[in-house]
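Student: Okay, handing you the structure first.
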Amino acid sequence: MSEEKNLIEGRTGKWEIILGLEVHAQVISEAKLFSGASTTFGADPNSQVSLVDAAFPGMLPVINKRCVEQAVRTGLGLKAEINLKSVFDRKNYFYADLPAGYQISQYTQPIVGKGTITLDMPDGSKRHVGITRLHLEQDAGKSLHDQHPTKSYIDLNRSGIALMEIVSEPDMRSAEEAAAYLKKLRSILRYLGTCDGNMEEGSMRCDVNVSVRKLGDPLGTRCEIKNVNSIRYVQQAIEYEARRQVEIIEDGGTIRQETRLYDPGKGETRSMRSKEHAHDYRYFPDPDLLPLVLDPNWVSEIKATLPELPDEKRARFVSQYGLSDYDAGVLVGEKETAEYYEAVAKGRDAKLAANWVSSELFGQLNKAGKWITDSPVSAEALGGLIDLIADNTISGRIAKDVFAAMFETGKPAKQIVEEKGLRQVTDTGAIDAAIDDIMAKNADKVAEYRGGKDKLLGFFVGQVMKATGGKANPALLNERLKAKLAG
Amino acid sequence: MSLDSKTVAHIAMLARIKVPEAELPALAKELSGIMTWIEQLNEVDTTGVEPMAGVLHRNLPQREDKVTDGGYADRILLNAPDAAHGFFTVPKVVE
């Protein structure tokens with residue numbers, strides 16, 4: 001059931017969007033699914049192609065054990081059923097970058113069955129999206145259409161690389177939920193180390209099935225939007241496509257089931273006419289490959305090596321470090337961030353550490369366009385800064401300036417504090433002297449304060465802070481100031 | 001099973017085989033004959049027999065995840081009807 005805000009307001013009433021996603025996730029492995037050629041991205045064209053990948057006559061596929069393990073690991077991470085027996089089929093179609101004329105895939109008996117992903121929505125609520133299946137298949141080669149006026153160029157380096165096709169149930173009801181699904185799936189895949197989730201390099205690609213219906217009606221006819229390559233484009237494509245369908249139906253038309261393409265430049269989807277006949281794939285079991293039978297003990301061994309996944313880590317951060325569910329969610333999104341945080345929090349104030357990582361560090365990283373693994377401030381260095389706050393060497397306010405300097409120069413906090421003379425003044429005598437000086441210069445305001453104008457306290461705090469170059473210990477300053485003002 | 005001309009035209013299109021309209025009826029008759037011959041298999045009683053994807057009673061052989069192949073783009077392209085800058089080239093197939 002959709003929330004009110006997710007419904008589309010049409011001329012004839014409100015419409016619900018029904019979304020299912022098919023994600024192609026490139027398996028992390030050294031060699032391809034059925035050949036010994038390398039999977040490294042960005043090599044010279046056709047330099048990572050074996051005779052199997054180029055479909056030379058008589059070549060036979062031999063399955064890569066690690067790719068099978070990665071699929072099982074992903075299935076376990078999605079809390080899905082692992083099918084101990086699965087079968088590889090041929091999916092037949094003609095395209096210039098598919099030299100065999102068929103793709104080896106899995107059809108009726110995939111390696112992984114039903115599972116679930118829990119989405120964390122921005123408003124703090126949770127949604128459960130069913131996983132229908134996950135199957136292993138070969139990737140196709142890559143066609144370049146912009147290199148020559150009348151020819152397409154074909155590079156088979158990608159041909160035969162292992163993909164996991166992860167199919168969701170039509171359980172999503174808004175572009176926002178689809179985005180949350182992709183983010184969560186990517187996070188799980190990265191935690192598992194089974195796919196790097198890099199949408200720009202195409203190692204994670206998404207097909208979106210979109211249909212609309214009036215609330216309570218049966219499912220409408222869907223259109224499939226192929227190969228959308230960023231989460232933002234997925235959201236835009238859904239918004240556009242759902243409105244397009246509503247308009248057609250409200251104008252008295254019907255939706256034709258078809259494959260469409262999203263054009264990010266124009267912000268619209270359009271029909272891929274050449275794919276109209278392509279749906280007759282004539283699947284049949286690949287006679288070159290026997291059924292894949294897994295040893296249940298091997299599956300248990302893989303299960304025993306699963307890392308702590310985002311949902312569990314989040315729950316642990318809440319219970320172990322006393323963080324809010326939201327803050328914990330921000331920290332566990334990426335495995336590297338969670339590791340960084342735990343290194344900072346170790347032996348320190350965990351909530352303070354969480355604040356520093358998710359506000360100051362993330363802020364600076366975003367501004368600099370850097371990833372946490374390239375952070376100029378290591379977890380150890382940030383820990384060092386927090387230690388200086390904890391032992392009253394510097395105030396929290398000064399610490400922000402110190403952090404900015406650390407981020408810029410890569411120097412440790414202690415060195416910056418010494419070099420810039422930022423050590424906090426905790427000497428009562430020095431603070432008292434500064435207070436006396438300010439009070440003497442503002443005798444009128446002192447009188448007003450004593451006459452009941454309490455709000456002036458802020459003015460005095462500010463003045464003394466300024467006089468000490470921001471270095472006065474705030475707690476001590478407040479305490480001494482109140483005492484002196486009280487007369 | 002009897003195949004009509006329309007079905008044969010569809011199969012030919014899927015296989016990218018160009019068949020002149022006039023030859024379709026004859027092909028339909030031939031293919032129907034082949035299908036009828038294969039359908040003799042239906043006479044075997046397979047009640048209670050699990051469908052098989054292969055006839056060998058052994059497990060799928062598996063390979064270690066090691067790079068053992070590739071690195072010979074020149075050989076891969078040797079039989080290509082047309083190639084340029086290390087790519088296969090084909091008539092433009094863009095949408």
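Following the order of the structure tokens, chains are lettered A, B, ..., residues in each are numbered from 1, and ligands are numbered from 1.
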Write out as a PyMOL selection string every residue belonging to chain B that has an atom at most 8 Å from any atom of chain A, counting only C-alpha atoms.

Tutor: chain B and resi 14+53-54+56+58-73+76+84+86-95

Student: Fewer than 3 positions away in the same chain doesn't count, so skip those; otherwise give me all residues within 8 Å of Tyr321 in chain A, counting only C-alpha atoms, as a PyMOL selection string.

Tutor: chain A and resi 316-318+350-351

Student: For the selection just defined, write its residues with N, CA, C and O atoms to a file, as an mmCIF file, in the first residue's frame.

Tutor:
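Written output follows (part-v7.cif):
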```cif
data_model
loop_
_atom_site.group_PDB
_atom_site.id
_atom_site.type_symbol
_atom_site.label_atom_id
_atom_site.label_comp_id
_atom_site.auth_asym_id
_atom_site.auth_seq_id
_atom_site.Cartn_x
_atom_site.Cartn_y
_atom_site.Cartn_z
ATOM 1 N N ARG A 316 24.247 -3.045 16.169
ATOM 2 C CA ARG A 316 25.331 -3.108 17.166
ATOM 3 C C ARG A 316 25.804 -1.698 17.548
ATOM 4 O O ARG A 316 26.061 -1.418 18.715
ATOM 5 N N PHE A 317 25.901 -0.802 16.563
ATOM 6 C CA PHE A 317 26.341 0.567 16.858
ATOM 7 C C PHE A 317 25.363 1.237 17.827
ATOM 8 O O PHE A 317 25.758 2.004 18.689
ATOM 9 N N VAL A 318 24.069 0.930 17.647
ATOM 10 C CA VAL A 318 23.061 1.514 18.540
ATOM 11 C C VAL A 318 23.252 0.980 19.959
ATOM 12 O O VAL A 318 23.296 1.742 20.924
ATOM 13 N N ALA A 350 32.134 7.664 22.409
ATOM 14 C CA ALA A 350 31.633 7.137 21.133
ATOM 15 C C ALA A 350 30.696 8.112 20.426
ATOM 16 O O ALA A 350 30.711 8.206 19.203
ATOM 17 N N LYS A 351 29.895 8.850 21.206
ATOM 18 C CA LYS A 351 28.965 9.792 20.567
ATOM 19 C C LYS A 351 29.722 10.981 19.995
ATOM 20 O O LYS A 351 29.409 11.464 18.909
#
```

Student: Please provide as a list in words all residues within 9 Å of Asp427 in chain A, with the sequence filter that same-chain residues fewer than 4 positions apart are discarded (counting only C-alpha atoms).

Tutor: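 Residues meeting the cut-off are Ile431, Asp432, Ala472 and Asn473 of chain A.
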
Student: If you measure from CA of Ala328 in chain A to CA of Asn355 in chain A, what distance in Å do you get, rounded to one decimal?

Tutor: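 Rounded to one decimal, the two atoms are 10.7 Å apart.
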
Student: Contacts of Cys223 in chain A at 8 Å or less, counting only C-alpha atoms, minus same-chain residues fewer than 4 places along, as a PyMOL selection string?

Tutor: chain A and resi 209-211+256-260

Student: For the selection just defined, write its residues with N, CA, C and O atoms to a file, as a PDB file, in the first residue's frame.

Tutor:
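Dumped everything to part.pdb:
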```
ATOM      1  N   ASN A 209      11.381  -1.926 -14.004  1.00  0.00           N
ATOM      2  CA  ASN A 209      10.049  -2.241 -14.503  1.00  0.00           C
ATOM      3  C   ASN A 209       9.038  -1.311 -13.847  1.00  0.00           C
ATOM      4  O   ASN A 209       8.940  -1.268 -12.626  1.00  0.00           O
ATOM      5  N   VAL A 210       8.327  -0.574 -14.692  1.00  0.00           N
ATOM      6  CA  VAL A 210       7.395   0.440 -14.186  1.00  0.00           C
ATOM      7  C   VAL A 210       5.988   0.153 -14.691  1.00  0.00           C
ATOM      8  O   VAL A 210       5.798  -0.098 -15.886  1.00  0.00           O
ATOM      9  N   SER A 211       5.020   0.167 -13.776  1.00  0.00           N
ATOM     10  CA  SER A 211       3.625   0.175 -14.207  1.00  0.00           C
ATOM     11  C   SER A 211       2.839   1.052 -13.242  1.00  0.00           C
ATOM     12  O   SER A 211       3.339   1.406 -12.178  1.00  0.00           O
ATOM     13  N   ARG A 256       1.536  -0.419 -23.932  1.00  0.00           N
ATOM     14  CA  ARG A 256       2.067  -1.569 -24.651  1.00  0.00           C
ATOM     15  C   ARG A 256       3.283  -2.049 -23.863  1.00  0.00           C
ATOM     16  O   ARG A 256       4.148  -1.265 -23.495  1.00  0.00           O
ATOM     17  N   GLN A 257       3.365  -3.359 -23.599  1.00  0.00           N
ATOM     18  CA  GLN A 257       4.549  -3.874 -22.909  1.00  0.00           C
ATOM     19  C   GLN A 257       5.745  -3.757 -23.851  1.00  0.00           C
ATOM     20  O   GLN A 257       5.725  -4.294 -24.957  1.00  0.00           O
ATOM     21  N   GLU A 258       6.759  -3.022 -23.433  1.00  0.00           N
ATOM     22  CA  GLU A 258       7.897  -2.811 -24.325  1.00  0.00           C
ATOM     23  C   GLU A 258       9.139  -2.446 -23.527  1.00  0.00           C
ATOM     24  O   GLU A 258       9.072  -2.160 -22.333  1.00  0.00           O
ATOM     25  N   THR A 259      10.268  -2.471 -24.236  1.00  0.00           N
ATOM     26  CA  THR A 259      11.529  -2.064 -23.645  1.00  0.00           C
ATOM     27  C   THR A 259      11.780  -0.623 -24.015  1.00  0.00           C
ATOM     28  O   THR A 259      11.622  -0.240 -25.171  1.00  0.00           O
ATOM     29  N   ARG A 260      12.166   0.179 -23.016  1.00  0.00           N
ATOM     30  CA  ARG A 260      12.419   1.595 -23.290  1.00  0.00           C
ATOM     31  C   ARG A 260      13.807   1.992 -22.803  1.00  0.00           C
ATOM     32  O   ARG A 260      14.430   1.276 -22.009  1.00  0.00           O
TER      33      ARG A 260
END
```

Student: When DSSP works through the backbone of this structure, what residues of range 198-446 of chain A end up as strand (DSSP E or B), shown as a ChimeraX atom specification?

Tutor: /A:204-214,223-228,259-263,268-271,284-285,292-293,425

Student: Can you list, as a ChimeraX atom specification, every residue of range 284-409 of chain A that DSSP puts in alpha helix (DSSP H)?

Tutor: /A:296-304,310-321,325-332,335-345,350-355,362-368,379-390,396-409

Student: Residues near Met35 in chain B, anyone? I mean within 12 Å using only C-alpha atoms, not counting same-chain ones fewer than 5 positions away, as a ChimeraX atom specification.

Tutor: /B:1-3,28-30,40-42

Student: Output N, CA, C and O atoms of each residue in that selection to a file, as a PDB file, in the first residue's frame.

Tutor:
```
ATOM      1  N   MET B   1       3.255 -32.468 -34.778  1.00  0.00           N
ATOM      2  CA  MET B   1       3.014 -31.025 -34.734  1.00  0.00           C
ATOM      3  C   MET B   1       3.096 -30.454 -36.142  1.00  0.00           C
ATOM      4  O   MET B   1       3.990 -30.796 -36.905  1.00  0.00           O
ATOM      5  N   SER B   2       2.127 -29.591 -36.440  1.00  0.00           N
ATOM      6  CA  SER B   2       2.114 -29.014 -37.773  1.00  0.00           C
ATOM      7  C   SER B   2       2.450 -27.519 -37.689  1.00  0.00           C
ATOM      8  O   SER B   2       1.825 -26.786 -36.922  1.00  0.00           O
ATOM      9  N   LEU B   3       3.465 -27.097 -38.441  1.00  0.00           N
ATOM     10  CA  LEU B   3       3.867 -25.691 -38.442  1.00  0.00           C
ATOM     11  C   LEU B   3       3.301 -25.000 -39.669  1.00  0.00           C
ATOM     12  O   LEU B   3       3.360 -25.552 -40.773  1.00  0.00           O
ATOM     13  N   ALA B  28       7.642 -25.369 -44.313  1.00  0.00           N
ATOM     14  CA  ALA B  28       6.701 -25.705 -43.239  1.00  0.00           C
ATOM     15  C   ALA B  28       6.410 -27.206 -43.254  1.00  0.00           C
ATOM     16  O   ALA B  28       6.356 -27.853 -42.203  1.00  0.00           O
ATOM     17  N   LYS B  29       6.270 -27.743 -44.444  1.00  0.00           N
ATOM     18  CA  LYS B  29       5.960 -29.168 -44.569  1.00  0.00           C
ATOM     19  C   LYS B  29       7.150 -30.005 -44.073  1.00  0.00           C
ATOM     20  O   LYS B  29       6.986 -30.940 -43.286  1.00  0.00           O
ATOM     21  N   GLU B  30       8.355 -29.609 -44.493  1.00  0.00           N
ATOM     22  CA  GLU B  30       9.563 -30.340 -44.078  1.00  0.00           C
ATOM     23  C   GLU B  30       9.752 -30.302 -42.560  1.00  0.00           C
ATOM     24  O   GLU B  30       9.979 -31.325 -41.922  1.00  0.00           O
ATOM     25  N   GLN B  40       7.883 -38.732 -31.626  1.00  0.00           N
ATOM     26  CA  GLN B  40       7.818 -40.154 -31.241  1.00  0.00           C
ATOM     27  C   GLN B  40       8.323 -40.345 -29.811  1.00  0.00           C
ATOM     28  O   GLN B  40       7.951 -41.291 -29.123  1.00  0.00           O
ATOM     29  N   LEU B  41       9.210 -39.401 -29.373  1.00  0.00           N
ATOM     30  CA  LEU B  41       9.737 -39.487 -27.995  1.00  0.00           C
ATOM     31  C   LEU B  41       8.620 -39.429 -26.961  1.00  0.00           C
ATOM     32  O   LEU B  41       8.738 -39.961 -25.860  1.00  0.00           O
ATOM     33  N   ASN B  42       7.504 -38.769 -27.348  1.00  0.00           N
ATOM     34  CA  ASN B  42       6.385 -38.650 -26.412  1.00  0.00           C
ATOM     35  C   ASN B  42       5.758 -40.005 -26.067  1.00  0.00           C
ATOM     36  O   ASN B  42       5.032 -40.127 -25.088  1.00  0.00           O
TER      37      ASN B  42
END
```

Student: Using only C-alpha atoms, determine which residues lie at most 9 Å from Leu19 in chain A, disregarding the query and same-chain residues fewer than 5 positions distant; provide the list as a ChimeraX atom specification.

Tutor: /A:168-175,178,208-212,222,238

Student: Create the file for the chosen residues now, containing N, CA, C and O atoms and written as a compact mmCIF listing (two decimals), in the first residue's frame.

Tutor:
```
# COMPACT_ATOMS: atom_id res chain seq x y z
N SER A 168 14.14 -8.13 -8.15
CA SER A 168 13.28 -7.86 -6.98
C SER A 168 11.83 -8.17 -7.31
O SER A 168 11.45 -8.25 -8.48
N GLU A 169 11.04 -8.33 -6.27
CA GLU A 169 9.59 -8.40 -6.44
C GLU A 169 9.10 -6.98 -6.76
O GLU A 169 9.78 -6.00 -6.46
N PRO A 170 7.90 -6.87 -7.38
CA PRO A 170 7.37 -5.51 -7.66
C PRO A 170 6.87 -4.86 -6.37
O PRO A 170 5.69 -4.56 -6.22
N ASP A 171 7.78 -4.66 -5.41
CA ASP A 171 7.39 -4.23 -4.06
C ASP A 171 7.61 -2.75 -3.80
O ASP A 171 7.31 -2.26 -2.72
N MET A 172 8.18 -2.02 -4.77
CA MET A 172 8.49 -0.61 -4.50
C MET A 172 7.41 0.28 -5.08
O MET A 172 6.78 -0.05 -6.08
N ARG A 173 7.19 1.42 -4.42
CA ARG A 173 6.06 2.28 -4.76
C ARG A 173 6.46 3.73 -5.07
O ARG A 173 5.61 4.58 -5.26
N SER A 174 7.74 4.03 -5.07
CA SER A 174 8.16 5.39 -5.41
C SER A 174 9.60 5.37 -5.88
O SER A 174 10.36 4.44 -5.59
N ALA A 175 9.98 6.43 -6.60
CA ALA A 175 11.36 6.57 -7.08
C ALA A 175 12.32 6.59 -5.89
O ALA A 175 13.42 6.07 -5.95
N ALA A 178 12.99 3.10 -4.80
CA ALA A 178 13.88 2.44 -5.74
C ALA A 178 15.33 2.86 -5.48
O ALA A 178 16.25 2.04 -5.50
N VAL A 208 14.64 -1.10 -14.90
CA VAL A 208 13.51 -0.77 -14.02
C VAL A 208 12.20 -1.15 -14.70
O VAL A 208 11.95 -0.75 -15.83
N ASN A 209 11.38 -1.93 -14.00
CA ASN A 209 10.05 -2.24 -14.50
C ASN A 209 9.04 -1.31 -13.85
O ASN A 209 8.94 -1.27 -12.63
N VAL A 210 8.33 -0.57 -14.69
CA VAL A 210 7.40 0.44 -14.19
C VAL A 210 5.99 0.15 -14.69
O VAL A 210 5.80 -0.10 -15.89
N SER A 211 5.02 0.17 -13.78
CA SER A 211 3.62 0.18 -14.21
C SER A 211 2.84 1.05 -13.24
O SER A 211 3.34 1.41 -12.18
N VAL A 212 1.63 1.42 -13.65
CA VAL A 212 0.79 2.23 -12.77
C VAL A 212 -0.59 1.59 -12.67
O VAL A 212 -0.99 0.81 -13.54
N ARG A 222 3.42 -3.42 -17.74
CA ARG A 222 4.65 -2.72 -17.38
C ARG A 222 5.53 -2.44 -18.60
O ARG A 222 5.46 -3.13 -19.60
N ILE A 238 11.98 6.92 -13.59
CA ILE A 238 10.72 6.45 -12.99
C ILE A 238 9.68 7.56 -12.97
O ILE A 238 8.53 7.37 -13.37
```

Student: What is the CA of Gly369 in chain A to CA of Lys313 in chain A distance in Å?

Tutor: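 Between these atoms lies a distance of 26.1 Å.
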